[in-house]
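Okay, final_6.cif now, which holds mmCIF, C-alpha atoms:
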```cif
data_work
loop_
_atom_site.label_atom_id
_atom_site.label_comp_id
_atom_site.auth_asym_id
_atom_site.auth_seq_id
_atom_site.Cartn_x
_atom_site.Cartn_y
_atom_site.Cartn_z
CA MET A 13 4.40 -44.33 6.08
CA GLY A 14 7.99 -45.23 5.32
CA ILE A 15 10.32 -46.61 7.93
CA LEU A 16 12.59 -43.57 7.54
CA ASP A 17 9.80 -41.11 8.31
CA PHE A 18 11.17 -40.59 11.78
CA LEU A 19 14.24 -38.96 10.24
CA LYS A 20 12.18 -36.21 8.65
CA ARG A 21 11.90 -32.98 10.54
CA LYS A 22 8.55 -32.54 12.19
CA PRO A 23 6.55 -29.68 10.69
CA GLU A 24 6.27 -26.63 12.92
CA PRO A 25 3.03 -26.69 14.97
CA THR A 26 0.44 -24.39 13.36
CA ALA A 27 -0.06 -22.54 16.66
CA THR A 28 3.60 -21.49 16.57
CA VAL A 29 3.17 -20.21 13.02
CA ALA A 30 0.04 -18.31 14.07
CA LYS A 31 1.81 -16.73 17.02
CA GLU A 32 4.75 -15.56 14.93
CA ARG A 33 2.49 -14.10 12.22
CA LEU A 34 0.38 -12.30 14.82
CA ARG A 35 3.41 -10.97 16.66
CA ILE A 36 4.63 -9.28 13.48
CA ILE A 37 1.32 -7.90 12.20
CA VAL A 38 0.22 -6.64 15.62
CA ALA A 39 3.54 -4.82 16.12
CA GLN A 40 3.25 -3.29 12.67
CA GLU A 41 -0.33 -2.15 13.19
CA ARG A 42 0.45 -0.70 16.60
CA SER A 43 3.24 1.41 15.14
CA THR A 44 0.85 3.15 12.75
CA ARG A 45 -2.01 3.41 15.25
CA GLY A 46 -3.13 6.87 16.26
CA ALA A 47 -1.23 8.45 13.39
CA PRO A 48 -3.15 11.06 11.40
CA ASP A 49 -5.38 9.71 8.62
CA TYR A 50 -3.61 11.81 5.98
CA LEU A 51 -0.30 9.96 6.41
CA PRO A 52 -0.75 7.33 3.67
CA LEU A 53 -1.88 9.98 1.17
CA MET A 54 0.96 12.30 2.12
CA ARG A 55 3.36 9.41 1.73
CA ASN A 56 2.15 8.77 -1.82
CA GLU A 57 2.35 12.43 -2.80
CA LEU A 58 5.83 12.74 -1.37
CA LEU A 59 6.80 9.67 -3.34
CA GLU A 60 5.60 11.35 -6.56
CA VAL A 61 7.74 14.41 -5.83
CA ILE A 62 10.81 12.37 -4.93
CA LYS A 63 10.37 10.20 -8.01
CA LYS A 64 10.89 13.25 -10.20
CA TYR A 65 14.48 13.31 -9.03
CA VAL A 66 15.35 9.86 -7.76
CA ASN A 67 14.11 6.42 -8.68
CA VAL A 68 12.68 5.04 -5.45
CA ASP A 69 9.74 2.89 -4.60
CA LEU A 70 7.15 3.11 -1.83
CA ASP A 71 9.07 0.86 0.53
CA ALA A 72 11.99 3.28 0.54
CA ILE A 73 9.93 5.93 2.32
CA ASN A 74 9.38 5.65 6.02
CA ILE A 75 7.08 8.03 7.84
CA ASN A 76 6.87 8.07 11.60
CA VAL A 77 4.94 10.22 14.02
CA GLU A 78 6.43 10.34 17.48
CA ARG A 79 4.60 11.86 20.40
CA ASP A 80 6.74 13.50 22.99
CA SER A 81 5.31 15.33 26.00
CA GLY A 82 2.98 17.77 24.31
CA HIS A 83 4.46 17.93 20.84
CA GLU A 84 4.57 15.60 17.85
CA VAL A 85 7.53 14.96 15.60
CA LEU A 86 6.99 13.90 12.00
CA GLU A 87 9.96 11.88 10.91
CA LEU A 88 10.48 11.13 7.25
CA SER A 89 13.29 9.01 5.94
CA VAL A 90 13.98 8.11 2.31
CA ALA A 91 16.48 5.44 1.46
CA LEU A 92 18.12 6.56 -1.80
CA PRO A 93 19.38 3.88 -4.16
CA GLU A 94 23.07 4.09 -4.99
CA GLY A 95 23.96 5.77 -8.29
CA LYS A 96 20.48 5.44 -9.73
CA SER A 97 19.31 9.05 -9.89
CA ALA A 98 16.59 9.58 -12.45
CA THR A 99 17.48 12.03 -15.18
CA PRO A 100 15.75 15.28 -14.33
CA MET B 12 -23.89 6.49 43.31
CA THR B 13 -23.39 6.12 39.56
CA ALA B 14 -23.73 2.93 37.58
CA GLU B 15 -20.58 1.21 36.36
CA ILE B 16 -20.76 0.80 32.61
CA ILE B 17 -19.20 -2.33 31.11
CA VAL B 18 -18.91 -2.80 27.36
CA VAL B 19 -18.58 -6.32 25.95
CA THR B 20 -16.83 -5.98 22.62
CA SER B 21 -14.49 -7.81 20.22
CA GLY B 22 -14.27 -6.36 16.74
CA LYS B 23 -14.79 -9.73 15.09
CA GLY B 24 -18.25 -11.26 15.00
CA GLY B 25 -19.24 -14.68 16.28
CA VAL B 26 -16.68 -14.90 19.07
CA GLY B 27 -19.20 -14.94 21.93
CA LYS B 28 -20.04 -11.32 22.78
CA THR B 29 -23.74 -11.86 23.33
CA THR B 30 -23.17 -15.15 25.19
CA THR B 31 -20.72 -13.28 27.41
CA SER B 32 -23.00 -10.25 27.90
CA ALA B 33 -25.87 -12.50 28.98
CA SER B 34 -23.73 -14.50 31.40
CA LEU B 35 -21.90 -11.46 32.77
CA ALA B 36 -25.14 -9.58 33.42
CA THR B 37 -26.72 -12.65 35.02
CA GLY B 38 -23.61 -13.30 37.12
CA LEU B 39 -23.57 -9.71 38.41
CA ALA B 40 -27.27 -10.00 39.25
CA MET B 41 -26.58 -13.28 41.10
CA ALA B 42 -24.03 -11.33 43.15
CA GLY B 43 -26.90 -9.08 44.27
CA LYS B 44 -26.22 -6.15 41.94
CA LYS B 45 -28.95 -4.29 40.09
CA VAL B 46 -28.08 -4.81 36.45
CA ALA B 47 -29.31 -3.72 33.03
CA VAL B 48 -27.99 -5.34 29.87
CA ILE B 49 -28.42 -3.43 26.62
CA ASP B 50 -28.26 -4.80 23.07
CA PHE B 51 -26.49 -2.21 20.89
CA ASP B 52 -26.78 -4.26 17.70
CA VAL B 53 -29.43 -2.13 15.99
CA GLY B 54 -31.08 -4.10 13.20
CA LEU B 55 -29.89 -7.48 14.44
CA ARG B 56 -31.50 -8.00 17.82
CA ASN B 57 -30.24 -11.20 19.48
CA LEU B 58 -29.57 -10.67 23.16
CA ASP B 59 -33.31 -11.16 23.87
CA LEU B 60 -33.09 -14.72 22.47
CA ILE B 61 -30.00 -15.59 24.51
CA MET B 62 -31.67 -14.18 27.65
CA GLY B 63 -34.89 -16.02 26.80
CA CYS B 64 -37.15 -12.95 26.80
CA GLU B 65 -37.75 -12.56 23.04
CA ARG B 66 -41.54 -12.81 23.33
CA ARG B 67 -41.75 -10.08 25.94
CA VAL B 68 -40.13 -7.30 23.90
CA VAL B 69 -42.61 -4.42 23.54
CA TYR B 70 -40.41 -1.36 23.33
CA ASP B 71 -36.75 -1.25 22.41
CA PHE B 72 -33.63 0.89 22.81
CA VAL B 73 -34.42 3.11 19.81
CA ASN B 74 -37.98 3.72 21.09
CA VAL B 75 -36.47 5.03 24.32
CA VAL B 76 -33.89 7.19 22.53
CA ASN B 77 -36.64 8.66 20.33
CA GLY B 78 -38.88 9.35 23.34
CA GLU B 79 -41.57 6.90 22.14
CA ALA B 80 -41.32 4.94 25.39
CA THR B 81 -39.86 5.51 28.82
CA ILE B 82 -36.90 3.50 29.98
CA LYS B 83 -39.16 1.84 32.60
CA GLN B 84 -41.58 0.71 29.89
CA ALA B 85 -38.81 -0.69 27.73
CA LEU B 86 -36.83 -2.60 30.37
CA ILE B 87 -37.76 -6.29 30.43
CA LYS B 88 -37.48 -7.85 33.86
CA ASP B 89 -35.61 -11.16 33.85
CA LYS B 90 -37.74 -14.21 34.72
CA ARG B 91 -35.11 -15.58 37.08
CA HIS B 92 -33.68 -12.50 38.78
CA ASP B 93 -35.73 -9.52 40.00
CA ASN B 94 -32.71 -7.23 39.86
CA LEU B 95 -31.83 -7.98 36.21
CA PHE B 96 -33.30 -6.13 33.21
CA VAL B 97 -32.87 -6.40 29.45
CA LEU B 98 -33.14 -3.54 26.96
CA ALA B 99 -33.60 -5.03 23.49
CA ALA B 100 -32.10 -3.66 20.28
CA SER B 101 -34.43 -2.26 17.71
CA GLN B 102 -35.11 -4.22 14.52
CA THR B 103 -35.09 -1.03 12.45
CA ARG B 104 -32.80 -0.94 9.46
CA ASP B 105 -31.87 2.69 10.18
CA LYS B 106 -28.33 2.42 11.51
CA ASP B 107 -28.34 6.08 12.57
CA ALA B 108 -31.23 5.52 14.96
CA LEU B 109 -28.88 5.74 17.93
CA THR B 110 -27.19 9.02 18.78
CA GLN B 111 -24.48 9.77 21.29
CA GLU B 112 -26.80 12.13 23.22
CA GLY B 113 -29.59 9.55 23.18
CA VAL B 114 -27.34 6.80 24.53
CA GLU B 115 -25.93 9.13 27.19
CA LYS B 116 -29.44 9.99 28.39
CA VAL B 117 -30.46 6.33 28.67
CA LEU B 118 -27.31 5.53 30.65
CA ASP B 119 -27.85 8.55 32.92
CA ASP B 120 -31.46 7.52 33.53
CA LEU B 121 -30.36 3.99 34.48
CA SER B 122 -27.76 5.44 36.81
CA ASN B 123 -30.41 7.64 38.46
CA ASP B 124 -32.72 4.64 38.77
CA GLY B 125 -30.17 3.02 41.08
CA PHE B 126 -28.60 0.51 38.72
CA ASP B 127 -25.19 -0.73 39.86
CA TYR B 128 -24.08 -2.05 36.47
CA VAL B 129 -25.02 -1.48 32.85
CA VAL B 130 -23.65 -4.12 30.48
CA CYS B 131 -23.45 -2.90 26.86
CA ASP B 132 -23.47 -5.73 24.30
CA SER B 133 -21.58 -4.27 21.34
CA PRO B 134 -22.24 -5.17 17.72
CA ALA B 135 -19.32 -6.59 15.71
CA GLY B 136 -17.14 -4.23 13.71
CA ILE B 137 -15.82 -0.79 14.52
CA GLU B 138 -18.69 1.24 13.07
CA LYS B 139 -21.06 3.59 14.86
CA GLY B 140 -22.90 0.98 16.96
CA ALA B 141 -19.66 -0.45 18.32
CA HIS B 142 -18.36 3.06 18.95
CA LEU B 143 -21.48 4.07 20.88
CA ALA B 144 -21.41 0.86 22.93
CA MET B 145 -17.86 1.57 24.14
CA TYR B 146 -17.93 5.38 24.32
CA PHE B 147 -19.33 5.78 27.85
CA ALA B 148 -17.77 2.64 29.33
CA ASP B 149 -15.79 2.46 32.58
CA HIS B 150 -14.76 -1.17 31.98
CA ALA B 151 -14.38 -3.26 28.86
CA VAL B 152 -14.54 -7.00 28.41
CA VAL B 153 -12.79 -7.82 25.14
CA VAL B 154 -13.90 -11.26 23.96
CA VAL B 155 -11.29 -13.09 21.92
CA ASN B 156 -11.01 -16.57 20.39
CA PRO B 157 -7.62 -18.32 20.12
CA GLU B 158 -7.57 -17.73 16.39
CA VAL B 159 -5.56 -15.29 14.24
CA SER B 160 -8.28 -12.95 12.92
CA SER B 161 -9.94 -12.62 16.31
CA VAL B 162 -6.65 -11.84 18.08
CA ARG B 163 -5.71 -9.21 15.53
CA ASP B 164 -9.15 -7.56 15.73
CA SER B 165 -9.07 -7.49 19.50
CA ASP B 166 -5.75 -5.66 19.42
CA ARG B 167 -7.42 -3.07 17.23
CA ILE B 168 -10.31 -2.81 19.70
CA LEU B 169 -7.91 -2.46 22.66
CA GLY B 170 -6.36 0.48 20.83
CA LEU B 171 -9.75 2.11 20.24
CA LEU B 172 -10.73 1.59 23.89
CA SER B 173 -7.71 3.55 25.05
CA SER B 174 -8.34 6.46 22.69
CA LYS B 175 -11.96 6.68 21.49
CA THR B 176 -13.89 6.64 24.75
CA ARG B 177 -15.23 9.49 26.84
CA ARG B 178 -12.80 8.66 29.63
CA ALA B 179 -9.85 8.81 27.22
CA GLU B 180 -11.08 12.05 25.65
CA ARG B 181 -11.62 13.73 29.00
CA GLY B 182 -8.40 12.38 30.44
CA GLU B 183 -10.33 10.70 33.28
CA GLY B 184 -8.02 7.71 33.39
CA ALA B 185 -7.99 4.67 31.19
CA ILE B 186 -10.95 2.33 31.14
CA THR B 187 -10.30 -1.04 32.77
CA GLN B 188 -9.63 -3.60 30.07
CA HIS B 189 -10.45 -7.25 30.69
CA LEU B 190 -9.48 -9.86 28.12
CA LEU B 191 -11.78 -12.89 28.01
CA LEU B 192 -10.59 -15.89 26.00
CA THR B 193 -13.53 -18.01 24.83
CA ARG B 194 -13.93 -21.24 22.82
CA TYR B 195 -10.68 -22.51 24.32
CA ASN B 196 -9.80 -26.11 23.61
CA PRO B 197 -6.96 -27.33 25.90
CA GLY B 198 -6.62 -30.58 23.93
CA ARG B 199 -5.87 -28.76 20.68
CA VAL B 200 -3.53 -26.37 22.51
CA ALA B 201 -1.57 -29.39 23.82
CA LEU B 202 -1.27 -30.69 20.23
CA GLY B 203 0.07 -27.33 19.02
CA GLU B 204 -3.03 -26.71 16.92
CA MET B 205 -4.36 -23.74 18.85
CA LEU B 206 -2.86 -20.60 20.41
CA SER B 207 -2.45 -21.01 24.16
CA VAL B 208 -3.59 -18.61 26.90
CA LYS B 209 0.04 -17.54 27.27
CA ASP B 210 0.44 -16.98 23.49
CA VAL B 211 -2.60 -14.70 23.37
CA GLU B 212 -1.50 -12.82 26.49
CA GLU B 213 1.97 -12.30 25.05
CA ILE B 214 0.75 -11.10 21.66
CA LEU B 215 -1.76 -8.65 23.11
CA GLY B 216 0.32 -7.62 26.14
CA ILE B 217 -2.59 -8.04 28.56
CA SER B 218 -3.50 -10.90 30.87
CA VAL B 219 -6.82 -12.71 30.70
CA VAL B 220 -9.64 -12.19 33.20
CA GLY B 221 -11.02 -15.59 32.31
CA VAL B 222 -10.85 -18.52 29.95
CA ILE B 223 -14.10 -20.12 28.80
CA PRO B 224 -13.59 -23.64 27.42
CA GLU B 225 -15.26 -24.65 24.18
CA SER B 226 -18.36 -26.47 25.34
CA GLU B 227 -21.46 -28.01 23.86
CA ASN B 228 -23.38 -26.58 26.79
CA VAL B 229 -23.07 -23.08 25.29
CA LEU B 230 -25.20 -24.08 22.30
CA ALA B 231 -27.60 -25.98 24.54
CA ALA B 232 -27.98 -22.87 26.72
CA SER B 233 -28.65 -20.60 23.76
CA ASN B 234 -31.12 -23.13 22.37
CA ALA B 235 -33.02 -22.92 25.64
CA GLY B 236 -32.66 -19.16 26.15
CA VAL B 237 -30.89 -19.64 29.47
CA PRO B 238 -27.54 -17.85 29.98
CA VAL B 239 -24.87 -20.58 30.23
CA ILE B 240 -23.64 -19.21 33.57
CA LEU B 241 -26.80 -20.71 35.10
CA ASP B 242 -25.70 -24.19 33.97
CA ASP B 243 -23.57 -24.96 36.99
CA ASN B 244 -22.79 -28.45 35.72
CA SER B 245 -21.00 -27.16 32.65
CA HIS B 246 -17.37 -26.10 32.62
CA ALA B 247 -18.30 -23.04 30.54
CA GLY B 248 -20.85 -22.00 33.16
CA GLN B 249 -18.36 -22.47 35.99
CA ALA B 250 -15.68 -20.56 34.07
CA TYR B 251 -18.12 -17.67 33.61
CA ARG B 252 -18.84 -17.69 37.37
CA ASP B 253 -15.10 -17.44 38.04
CA THR B 254 -14.79 -14.62 35.52
CA VAL B 255 -17.59 -12.56 37.07
CA ALA B 256 -16.06 -13.07 40.53
CA ARG B 257 -12.70 -11.81 39.21
CA ILE B 258 -14.34 -8.76 37.62
CA LEU B 259 -15.86 -8.06 41.05
CA GLY B 260 -12.35 -8.16 42.53
CA GLU B 261 -12.08 -11.71 43.80
CA GLU B 262 -8.95 -13.76 43.06
CA ARG B 263 -9.60 -17.15 41.56
CA PRO B 264 -7.20 -19.48 39.72
CA LEU B 265 -7.92 -20.35 36.09
CA ARG B 266 -9.71 -23.66 35.57
CA PHE B 267 -10.30 -25.90 32.54
CA THR B 268 -7.20 -24.64 30.73
CA GLU B 269 -5.32 -27.95 30.92
CA VAL B 270 -6.19 -31.30 29.40
CA ALA B 271 -8.00 -33.26 32.07
CA ARG B 272 -5.67 -36.04 33.28
CA LYS B 273 -7.33 -39.40 33.18
CA GLY B 274 -7.27 -41.40 36.37
CA PHE B 275 -5.66 -44.85 36.49
CA LEU B 276 -8.95 -46.72 36.17
CA GLN B 277 -10.05 -44.51 33.27
CA ARG B 278 -6.77 -45.19 31.50
CA VAL B 279 -7.10 -48.91 31.95
CA PHE B 280 -10.78 -49.25 31.15
CA GLY B 281 -11.22 -46.21 28.88
CA GLY B 282 -13.85 -43.52 29.17
#
```
Using structure tokens, write down the structure that the file contains.
Amino acid sequence: MGILDFLKRKPEPTATVAKERLRIIVAQERSTRGAPDYLPLMRNELLEVIKKYVNVDLDAININVERDSGHEVLELSVALPEGKSATP
Amino acid sequence: MTAEIIVVTSGKGGVGKTTTSASLATGLAMAGKKVAVIDFDVGLRNLDLIMGCERRVVYDFVNVVNGEATIKQALIKDKRHDNLFVLAASQTRDKDALTQEGVEKVLDDLSNDGFDYVVCDSPAGIEKGAHLAMYFADHAVVVVNPEVSSVRDSDRILGLLSSKTRRAERGEGAITQHLLLTRYNPGRVALGEMLSVKDVEEILGISVVGVIPESENVLAASNAGVPVILDDNSHAGQAYRDTVARILGEERPLRFTEVARKGFLQRVFGG
């Protein structure tokens, strides 16, 4: 223990770290809950198709299912990289 | 008059489901209700030990479902309460021994026999046994520890409860969800080493029905085969009594969630 120890920043309490980690993972898991089981597979197949034309990775594809009184909307967004189109 | 069905579930194992089932069933019986508590953990029977009736198991849940015994033959009457009965899990390794129709019939029979409450002690996980334990429930007690994996799993279970139950499927209104925080250590919470009641409530978006402090009396009670709720000297036992009263609609403030303040003499002389 040095005499200047009191100047060091105290480490964040582990409970605070746990809460923050849980907040993020729980929100993420809730957003995909109740979605059809085929979504991950469909996402991968779509990625294969898109990759034929544009160089994107898995993170660039966002699939969302929204439920609205009686009907469901499948929302698919692909973030295309700038000027990096794969040669067809 | 139909029986109210309460599932005690958690997702994660070892958080206190069976301890809670035993104390909840005993507490409801102490309140004068006719109660059956059923062990759904096929292959890993344990509720009988916690209830202290392990040597009196003759027929089990699967025997009843298969028609090898009647429900009356299989129910074990509690030594301490005439209106409390235990239905033990089978020790068979066949996980498919329980069927949805079989479980429904047992629950209907209990309802027709005049039971007020049926407490279903769920196995860990989200497989068939856990699904069957929650499927017919009217109320759920989700047992959670102030620890990351348990909190995450209980969020998963809360999601399943609102979609994969008979009530949800039939659109009969959501099942009542009660969150029970167990193994709580106020001292470690004060030091920032453990998630607080408020943290867990905020993450899961549901308030607690009770907080059971971490207590050596829980192990002592299970050693003896006496549900800890009967140990009125222990904080855990008293917290379970409060919890059962709240589930029955009574309002009681939370206890044992703060570090006990030492009195002046204790501070001076220690202890």
Within 12 Å of segment 205-216 of chain B, which residues of segment 22-94 of chain A show up? Give each one with its shortest atom-to-atom distance in Å (one decimal) and the two atoms involved, counting all atoms listed in the file, rows by chain then rising residue number, as a tab-separated table.
```
residue	atom	partner	partner_atom	distance
A:Pro25	CA	B:Met205	CA	8.9
A:Thr26	CA	B:Met205	CA	7.3
A:Ala27	CA	B:Met205	CA	5.0
A:Thr28	CA	B:Leu206	CA	7.6
A:Val29	CA	B:Leu206	CA	9.5
A:Ala30	CA	B:Leu206	CA	7.3
A:Lys31	CA	B:Asp210	CA	6.6
A:Glu32	CA	B:Ile214	CA	9.0
A:Arg33	CA	B:Ile214	CA	10.1
A:Leu34	CA	B:Ile214	CA	7.0
A:Arg35	CA	B:Ile214	CA	5.7
A:Ile36	CA	B:Ile214	CA	9.2
A:Ile37	CA	B:Ile214	CA	10.0
A:Val38	CA	B:Ile214	CA	7.5
A:Ala39	CA	B:Ile214	CA	8.8
A:Glu41	CA	B:Leu215	CA	11.9
A:Arg42	CA	B:Leu215	CA	10.5
```
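Atom to atom, atom CA of Thr176 of chain B and atom CA of Ala148 of chain B stand 7.2 Å apart.
Excluding Asp124 of chain B itself and same-chain residues fewer than 5 positions from it, the residues having an atom within 12 Å of it are Met12, Thr13, Ala14, Lys45, Val46, Ala47, Ile82, Lys83, Leu86, Asn94, Val117, Leu118, Asp119 and Val129 of chain B, counting all atoms listed in the file.
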I'd like the interatomic distance between atom CA of Val90 of chain A and atom CA of Glu57 of chain A, to a tenth of an Å. 13.4 Å
Find the spatial neighbours of segment 27-34 of chain B, counting only C-alpha atoms, within a cut-off of 8 Å - ignore same-chain residues fewer than 2 positions away - and output them as a PDB file with C-alpha atoms, keeping the file's coordinate frame.
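Dumped everything to around_33.pdb:
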```
ATOM      1  CA  VAL B  19     -18.580  -6.320  25.950  1.00  0.00           C
ATOM      2  CA  THR B  20     -16.830  -5.980  22.620  1.00  0.00           C
ATOM      3  CA  SER B  21     -14.490  -7.810  20.220  1.00  0.00           C
ATOM      4  CA  GLY B  24     -18.250 -11.260  15.000  1.00  0.00           C
ATOM      5  CA  GLY B  25     -19.240 -14.680  16.280  1.00  0.00           C
ATOM      6  CA  ALA B  36     -25.140  -9.580  33.420  1.00  0.00           C
ATOM      7  CA  THR B  37     -26.720 -12.650  35.020  1.00  0.00           C
ATOM      8  CA  GLY B  38     -23.610 -13.300  37.120  1.00  0.00           C
ATOM      9  CA  VAL B  48     -27.990  -5.340  29.870  1.00  0.00           C
ATOM     10  CA  ASN B  57     -30.240 -11.200  19.480  1.00  0.00           C
ATOM     11  CA  LEU B  58     -29.570 -10.670  23.160  1.00  0.00           C
ATOM     12  CA  ILE B  61     -30.000 -15.590  24.510  1.00  0.00           C
ATOM     13  CA  MET B  62     -31.670 -14.180  27.650  1.00  0.00           C
ATOM     14  CA  VAL B 130     -23.650  -4.120  30.480  1.00  0.00           C
ATOM     15  CA  CYS B 131     -23.450  -2.900  26.860  1.00  0.00           C
ATOM     16  CA  ASP B 132     -23.470  -5.730  24.300  1.00  0.00           C
ATOM     17  CA  SER B 133     -21.580  -4.270  21.340  1.00  0.00           C
ATOM     18  CA  VAL B 154     -13.900 -11.260  23.960  1.00  0.00           C
ATOM     19  CA  THR B 193     -13.530 -18.010  24.830  1.00  0.00           C
ATOM     20  CA  VAL B 229     -23.070 -23.080  25.290  1.00  0.00           C
ATOM     21  CA  SER B 233     -28.650 -20.600  23.760  1.00  0.00           C
ATOM     22  CA  PRO B 238     -27.540 -17.850  29.980  1.00  0.00           C
ATOM     23  CA  VAL B 239     -24.870 -20.580  30.230  1.00  0.00           C
ATOM     24  CA  ILE B 240     -23.640 -19.210  33.570  1.00  0.00           C
ATOM     25  CA  LEU B 241     -26.800 -20.710  35.100  1.00  0.00           C
ATOM     26  CA  TYR B 251     -18.120 -17.670  33.610  1.00  0.00           C
TER      27      TYR B 251
END
```
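Every residue that the PyMOL selection byres ((chain A and resi 70) around 10) selects in this file is listed here: Arg55, Asn56, Leu58, Leu59, Glu60, Lys63, Val68, Asp69, Asp71, Ala72, Ile73, Asn74 and Val90 of chain A.
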Identify the residues within 12 Å of coordinate (-2.7, 1.9, 14.3) (same frame as the file), considering only C-alpha atoms, and give the answer as JSON, numbers by chain. {"A": [37, 38, 39, 40, 41, 42, 43, 44, 45, 46, 47, 48, 49, 51, 76, 77], "B": [163, 164, 166, 167, 168, 169, 170, 171, 173, 174]}
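The two atoms in question, atom CA of Asp253 of chain B and atom CA of Asn234 of chain B, are spaced 23.1 Å apart.
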Just give me the residues with any atom within 10 Å of (-23.1, -4.5, 43.4), file coordinates, counting all atoms listed in the file, written as a PyMOL selection string. chain B and resi 14-15+39-46+126-128+259
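Distances here use all atoms listed in the file; by that measure, the residue among B:Pro157, B:Gly140, B:Gly54, B:Gly22 closest to chain A is B:Pro157.
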Draw an axis-aligned box over all listed atoms of segment 246-256 of chain B, pad each side with 6 Å, and write its centre and edge lengths in Å, one decimal, as AutoDock Vina command-line options.
```
--center_x -17.8 --center_y -19.3 --center_z 35.5 --size_x 18.1 --size_y 25.5 --size_z 22.0
```
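Proximity ranking of B:Gly221, B:Gly113, B:Arg104, B:Gly203 relative to Asn74 of chain B places B:Gly113 first, based on only C-alpha atoms.
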The PyMOL selection byres ((chain B and resi 195) around 12) - which residues does that actually catch in the file I just gave you? List them as a PDB file with C-alpha atoms, keeping the file's coordinate frame.
```pdb
ATOM      1  CA  VAL B  26     -16.680 -14.900  19.070  1.00  0.00           C
ATOM      2  CA  GLY B  27     -19.200 -14.940  21.930  1.00  0.00           C
ATOM      3  CA  VAL B 154     -13.900 -11.260  23.960  1.00  0.00           C
ATOM      4  CA  VAL B 155     -11.290 -13.090  21.920  1.00  0.00           C
ATOM      5  CA  ASN B 156     -11.010 -16.570  20.390  1.00  0.00           C
ATOM      6  CA  PRO B 157      -7.620 -18.320  20.120  1.00  0.00           C
ATOM      7  CA  GLU B 158      -7.570 -17.730  16.390  1.00  0.00           C
ATOM      8  CA  LEU B 191     -11.780 -12.890  28.010  1.00  0.00           C
ATOM      9  CA  LEU B 192     -10.590 -15.890  26.000  1.00  0.00           C
ATOM     10  CA  THR B 193     -13.530 -18.010  24.830  1.00  0.00           C
ATOM     11  CA  ARG B 194     -13.930 -21.240  22.820  1.00  0.00           C
ATOM     12  CA  ASN B 196      -9.800 -26.110  23.610  1.00  0.00           C
ATOM     13  CA  PRO B 197      -6.960 -27.330  25.900  1.00  0.00           C
ATOM     14  CA  GLY B 198      -6.620 -30.580  23.930  1.00  0.00           C
ATOM     15  CA  ARG B 199      -5.870 -28.760  20.680  1.00  0.00           C
ATOM     16  CA  VAL B 200      -3.530 -26.370  22.510  1.00  0.00           C
ATOM     17  CA  ALA B 201      -1.570 -29.390  23.820  1.00  0.00           C
ATOM     18  CA  GLU B 204      -3.030 -26.710  16.920  1.00  0.00           C
ATOM     19  CA  MET B 205      -4.360 -23.740  18.850  1.00  0.00           C
ATOM     20  CA  LEU B 206      -2.860 -20.600  20.410  1.00  0.00           C
ATOM     21  CA  SER B 207      -2.450 -21.010  24.160  1.00  0.00           C
ATOM     22  CA  VAL B 208      -3.590 -18.610  26.900  1.00  0.00           C
ATOM     23  CA  VAL B 211      -2.600 -14.700  23.370  1.00  0.00           C
ATOM     24  CA  GLY B 221     -11.020 -15.590  32.310  1.00  0.00           C
ATOM     25  CA  VAL B 222     -10.850 -18.520  29.950  1.00  0.00           C
ATOM     26  CA  ILE B 223     -14.100 -20.120  28.800  1.00  0.00           C
ATOM     27  CA  PRO B 224     -13.590 -23.640  27.420  1.00  0.00           C
ATOM     28  CA  GLU B 225     -15.260 -24.650  24.180  1.00  0.00           C
ATOM     29  CA  SER B 226     -18.360 -26.470  25.340  1.00  0.00           C
ATOM     30  CA  HIS B 246     -17.370 -26.100  32.620  1.00  0.00           C
ATOM     31  CA  ALA B 247     -18.300 -23.040  30.540  1.00  0.00           C
ATOM     32  CA  ALA B 250     -15.680 -20.560  34.070  1.00  0.00           C
ATOM     33  CA  ARG B 266      -9.710 -23.660  35.570  1.00  0.00           C
ATOM     34  CA  PHE B 267     -10.300 -25.900  32.540  1.00  0.00           C
ATOM     35  CA  THR B 268      -7.200 -24.640  30.730  1.00  0.00           C
ATOM     36  CA  GLU B 269      -5.320 -27.950  30.920  1.00  0.00           C
ATOM     37  CA  VAL B 270      -6.190 -31.300  29.400  1.00  0.00           C
TER      38      VAL B 270
END
```
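In terms of minimum interatomic distance to Leu92 of chain A, A:Tyr65 ranks closest within A:Tyr65, A:Asp80, A:Glu24, A:Ile75, counting all atoms listed in the file.
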Using all atoms listed in the file, find the one residue out of B:Asp52, B:Asp89, B:Glu180, B:Glu115 that sits nearest to Ile137 of chain B. B:Asp52
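For the choices B:Ala179, B:Leu121, B:Leu98, B:Leu190, the atom-to-atom distance to Ser218 of chain B is smallest for B:Leu190 when using all atoms listed in the file.
Taken over the shown file, the PyMOL selection byres ((chain B and resi 101) around 6) identifies B:Val53, B:Gly54, B:Asp71, B:Val73, B:Ala100, B:Gln102, B:Thr103.
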Closest to chain A among B:Ala80, B:Cys64, B:Arg91, B:Ser165, using all atoms listed in the file? B:Ser165
